[in-house]
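Trainee: Just dropping this structure here.
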Amino acid sequence: MADFQKVKDYLFELGYEIQNEFSEQEMVVISNKRMGINNLIIDCESPILVFEQFIFDIKEEKRQDANMYLKLLQMNRGLVHGAFVVNDDATKVIFRDTLQLENLDLNEIKGTIDSLSIAMVEYMDELIEFAK
């Protein structure tokens, strides 16, 4: 529970308001639409901290589009933290990052959230096109 409180304290220090908190699961959800952060799930899964944000649903007709997956991999190369990933049943693209809880500091959380924000701005057009 100490790690969970530390994460919440860092989020408050960074100016984020927790819109949903699930204490039993040690999970929070934050948003900042201006920064492209929309329902970012932050989950303490000791020994790691998991960040996940839904990006878009993969339509049935695009699930075999190798060019889309190639472009997502190329986008990942430009991310400082985290990656665009596909869920287990290949129906959703999600931004995901993991950090070690043991040595976690404010800069790491800020880096992950900033990386997501920059990616959403930098790759907005491509992501919108993929979601169509």
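Going by the structure tokens order, chains are called A, B, ..., each with residues numbered from 1, while ligands are numbered from 1 in the order shown.
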Using the chain letters and numbers from this document, which residues of chain A does DSSP assign to strand (DSSP E), as a ChimeraX atom specification?
Mentor: /A:18-22,27-32,37-45,48-57,83-86,92-100
Trainee: Residues near Ala83 (chain A), anyone? I mean within 7 Å using only C-alpha atoms, not counting same-chain ones fewer than 5 positions away, as a list in words.
Mentor: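 So the residues in contact are Asn76, Phe95, Arg96 and Asp97 of chain A.
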Trainee: Can you pull out the residues contacting region 106-110 of chain A? Cut-off 8 Å, using only C-alpha atoms, and skip same-chain residues under 6 positions away; I want them as a list in words.
Mentor: Tyr10, Leu11, Leu14 and Leu99 of chain A
Trainee: Just list as a PyMOL selection string whatever in region 7-56 of chain A DSSP marks as helix (DSSP H, G or I).
Mentor: chain A and resi 7-13+23-25+33-35
Trainee: Output C-alpha atoms for every residue in that selection, as a PDB file, in the first residue's frame.
Mentor:
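File produced: selection-v6.pdb:
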ATOM      1  CA  VAL A   7       2.337   6.874  -6.825  1.00  0.00           C
ATOM      2  CA  LYS A   8      -0.724   8.947  -5.875  1.00  0.00           C
ATOM      3  CA  ASP A   9       1.503  11.537  -4.167  1.00  0.00           C
ATOM      4  CA  TYR A  10       3.640  11.828  -7.297  1.00  0.00           C
ATOM      5  CA  LEU A  11       0.542  12.268  -9.473  1.00  0.00           C
ATOM      6  CA  PHE A  12      -0.726  15.050  -7.200  1.00  0.00           C
ATOM      7  CA  GLU A  13       2.709  16.684  -7.257  1.00  0.00           C
ATOM      8  CA  SER A  23      -7.907   1.140  -3.654  1.00  0.00           C
ATOM      9  CA  GLU A  24      -8.403  -2.616  -3.375  1.00  0.00           C
ATOM     10  CA  GLN A  25      -6.632  -3.125  -6.709  1.00  0.00           C
ATOM     11  CA  LYS A  33      -7.519  15.933 -22.528  1.00  0.00           C
ATOM     12  CA  ARG A  34      -5.294  18.887 -23.457  1.00  0.00           C
ATOM     13  CA  MET A  35      -2.277  16.567 -23.216  1.00  0.00           C
TER      14      MET A  35
END
Trainee: Name the residues in contact with Tyr123 (chain A) at a cut-off of 12 Å, using only C-alpha atoms, excluding same-chain residues fewer than 3 positions from it; report them as a PDB file with C-alpha atoms, in the first residue's frame.
Mentor:
ATOM      1  CA  GLY A  36      -3.963  13.611 -24.975  1.00  0.00           C
ATOM      2  CA  ILE A  55      -5.943   4.273 -28.120  1.00  0.00           C
ATOM      3  CA  LYS A  71       3.751   1.656 -38.792  1.00  0.00           C
ATOM      4  CA  LEU A  72       2.905   1.079 -35.101  1.00  0.00           C
ATOM      5  CA  GLN A  74       7.993   2.287 -36.382  1.00  0.00           C
ATOM      6  CA  MET A  75       6.148   4.725 -34.098  1.00  0.00           C
ATOM      7  CA  ASN A  76       7.384   2.744 -31.089  1.00  0.00           C
ATOM      8  CA  GLY A  78      10.245   7.197 -31.597  1.00  0.00           C
ATOM      9  CA  LEU A  79       8.762   6.791 -28.115  1.00  0.00           C
ATOM     10  CA  PHE A  84       1.841   0.953 -28.689  1.00  0.00           C
ATOM     11  CA  SER A 115       5.908  10.225 -23.673  1.00  0.00           C
ATOM     12  CA  LEU A 116       2.248   9.289 -24.131  1.00  0.00           C
ATOM     13  CA  SER A 117       1.262  12.935 -24.526  1.00  0.00           C
ATOM     14  CA  ILE A 118       3.949  13.605 -27.145  1.00  0.00           C
ATOM     15  CA  ALA A 119       3.056  10.411 -29.023  1.00  0.00           C
ATOM     16  CA  MET A 120      -0.599  11.384 -29.176  1.00  0.00           C
ATOM     17  CA  GLU A 126      -1.881   8.177 -38.326  1.00  0.00           C
ATOM     18  CA  LEU A 127      -3.763   6.915 -35.264  1.00  0.00           C
ATOM     19  CA  ILE A 128      -6.989   8.556 -36.427  1.00  0.00           C
ATOM     20  CA  GLU A 129      -6.549   7.006 -39.869  1.00  0.00           C
ATOM     21  CA  PHE A 130      -5.960   3.547 -38.362  1.00  0.00           C
TER      22      PHE A 130
END
Trainee: Which value, in Å to one decimal, gives the distance between CA of Glu45 (chain A) and CA of Glu26 (chain A)?
Mentor: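 Atom-to-atom, CA of Glu45 (chain A) to CA of Glu26 (chain A), that is 7.8 Å.
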Trainee: Calculate how many Å separate CA of Lys62 (chain A) from CA of Glu122 (chain A), rounding to one decimal.
Mentor: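 Separating CA of Lys62 (chain A) from CA of Glu122 (chain A) is a distance of 21.9 Å.
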Trainee: Which one is closest to Gln53 (chain A): A:Asn20, A:Met68, A:Thr91, A:Ile113? Count only C-alpha atoms.
Mentor: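 Under the stated criterion, the closest residue is A:Ile113.
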Trainee: Under the rule that only C-alpha atoms are counted, which of A:Ala2, A:Ile18, A:Asp65, A:Asp89 is the nearest residue to Ile42 (chain A)?
Mentor: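 Among the listed residues, A:Ile18 lies closest to Ile42 (chain A).
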Trainee: Considering only C-alpha atoms, can you say which of A:Asp43, A:Asp57, A:Glu52, A:Asp3 comes closest to Val93 (chain A)?
Mentor: A:Asp57
Trainee: Nearest to Glu61 (chain A) among A:Asn39, A:Ile30, A:Gly82, A:Ala90, with distances taken over only C-alpha atoms: which residue is it?
Mentor: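 Closest residue, counting only C-alpha atoms: A:Ala90.
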Trainee: Return the single residue from A:Ile58, A:Glu21, A:Ala66, A:Ala131 that is closest to Val86 (chain A), with distances computed using only C-alpha atoms.
Mentor: A:Ile58
Trainee: Could you jot down the CA of Ser31 (chain A) to CA of Tyr16 (chain A) separation for me, Å, one decimal place?
Mentor: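 Going from CA of Ser31 (chain A) over to CA of Tyr16 (chain A), I get 7.6 Å.
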